[in-house]
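Presented below is the structure to which this report refers.
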Amino acid sequence: MGESKTTTGEGFGFYKEYVAGMMAGLATVAVGHPFDTVKVKLQKHNTDVQGLRYKNGLHCASRILQTEGVKGLYRGATSSFMGMAFESSLMFGIYSQAKLFLRGTLPDDGPRPEIIVPSAMFGGAIISFVLCPTELVKCRMQIQGTDSLVPNFRRYNSPLDCAVQTVKNDGVTGIFRGGSATLLRECTGNAVFFTVYEYLRYHIHSRLEDSKLKDGYLVDMGIGVLTGGLGGIAVGIYIVCFINSIIKNVAILYEYYFCFYDAVLVSCFAF
């Protein structure tokens, strides 16, 4: 990151942010995909008029484990692993490189919104083209399962089959359905997230300058968990306020990163 050790050009050099982002993305899916599966099933089946209504997230998770086992919680994870690894790699890599470019010869004396915001929005615009198709495939795979009302003849055998069938039936534009909303979400969401993250991280490190805890990977990872989580909460609040100010009483089908996702993602990247 711009204000931390991750953009100094040491270690992996130019590719360091991309490699670290990819590993963080893989870790995020490994930890967070089961929660996302439960969320998607609740959104799908609890909104269908004749669909199975789960009592809550715990009931949904227990049903999946009873009928499908642990693998049911990771349904559609293949596309998530691929998409999240690529998306996180691009997000952190492009953001870090764009920030270095925009900073130029300016002194590194703290976070600057005129650098953070355009860098984050540029990274968000790029990754939206990766996220849109992978999220579509992921969601379509997740709603399948023992309790699903999707008829067998309409089910997909794998994420690749889902992608191929979507393109075959709906054309190339079908795989990018919801692209405009994803682009808007990623650009604005990234700007909010990285602004909150950078400022909180900078001020926490400033407070620790005279402390024995100022150095160390575990301390840096802990700060990443805290600031990443708070950044995710800020994005969630922003998205809800933004939607409510424009469209009333409309179900939100896509959500930005959970604060849990952000905490895992940023802590892995910082470490």
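Simple scheme: letters A, B, ... for chains in structure tokens order, numbers from 1 for residues in each chain, numbers from 1 for ligands in the order shown.
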
Q.
Which residues are near segment 131-146 of chain A? Cut-off 6 Å, only C-alpha atoms, ignore same chain within fewer than 6 positions. Put them as a PyMOL selection string.
A. chain A and resi 37+41+75-76+79+83+175-176+179

The residue from A:Arg177, A:Lys168, A:Arg207, A:Arg53 with the smallest atom-to-atom distance to Phe129 of chain A, counting only C-alpha atoms, is A:Arg177

Nearest to Gln43 of chain A, restricted to only C-alpha atoms and choosing among A:Glu114, A:Cys60, A:Ser158, A:Val31, comes out as A:Cys60

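Counting only C-alpha atoms and comparing A:Gly57, A:Gly232, A:Ser128, A:Ser88, the residue that lies closest to Gly178 of chain A is A:Ser128.
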
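Close contacts of Glu17 of chain A, defined as residues with an atom at most 6 Å away when counting only C-alpha atoms, with chain neighbours fewer than 3 positions off set aside, comprise A:Ala20, A:Gly21, A:Phe92, A:Gly93.
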
Write out, as a PDB file, in the first residue's frame, the residues just selected, with C-alpha atoms.
ATOM      1  CA  ALA A  20       0.549 -10.367  -2.629  1.00  0.00           C
ATOM      2  CA  GLY A  21      -2.905  -9.374  -3.899  1.00  0.00           C
ATOM      3  CA  PHE A  92      -3.836  -3.913  -5.202  1.00  0.00           C
ATOM      4  CA  GLY A  93      -1.301  -3.895  -8.014  1.00  0.00           C
TER       5      GLY A  93
END

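Near Val192 of chain A, within 9 Å and counting only C-alpha atoms, sit Val117, Ala120, Cys187, Thr188, Gly189, Thr195, Val196, Tyr197, Gly231, Gly232, Ala234, Val235 and Tyr238 of chain A; same-chain residues fewer than 3 positions away were not included.
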
Inset, instruction - as a PyMOL selection string, list the residues of segment 11-191 of chain A assigned to alpha helix (DSSP H) by DSSP on the backbone atoms of this structure. - result: chain A and resi 16-45+57-68+70-73+77-103+113-142+159-170+172-175+179-191
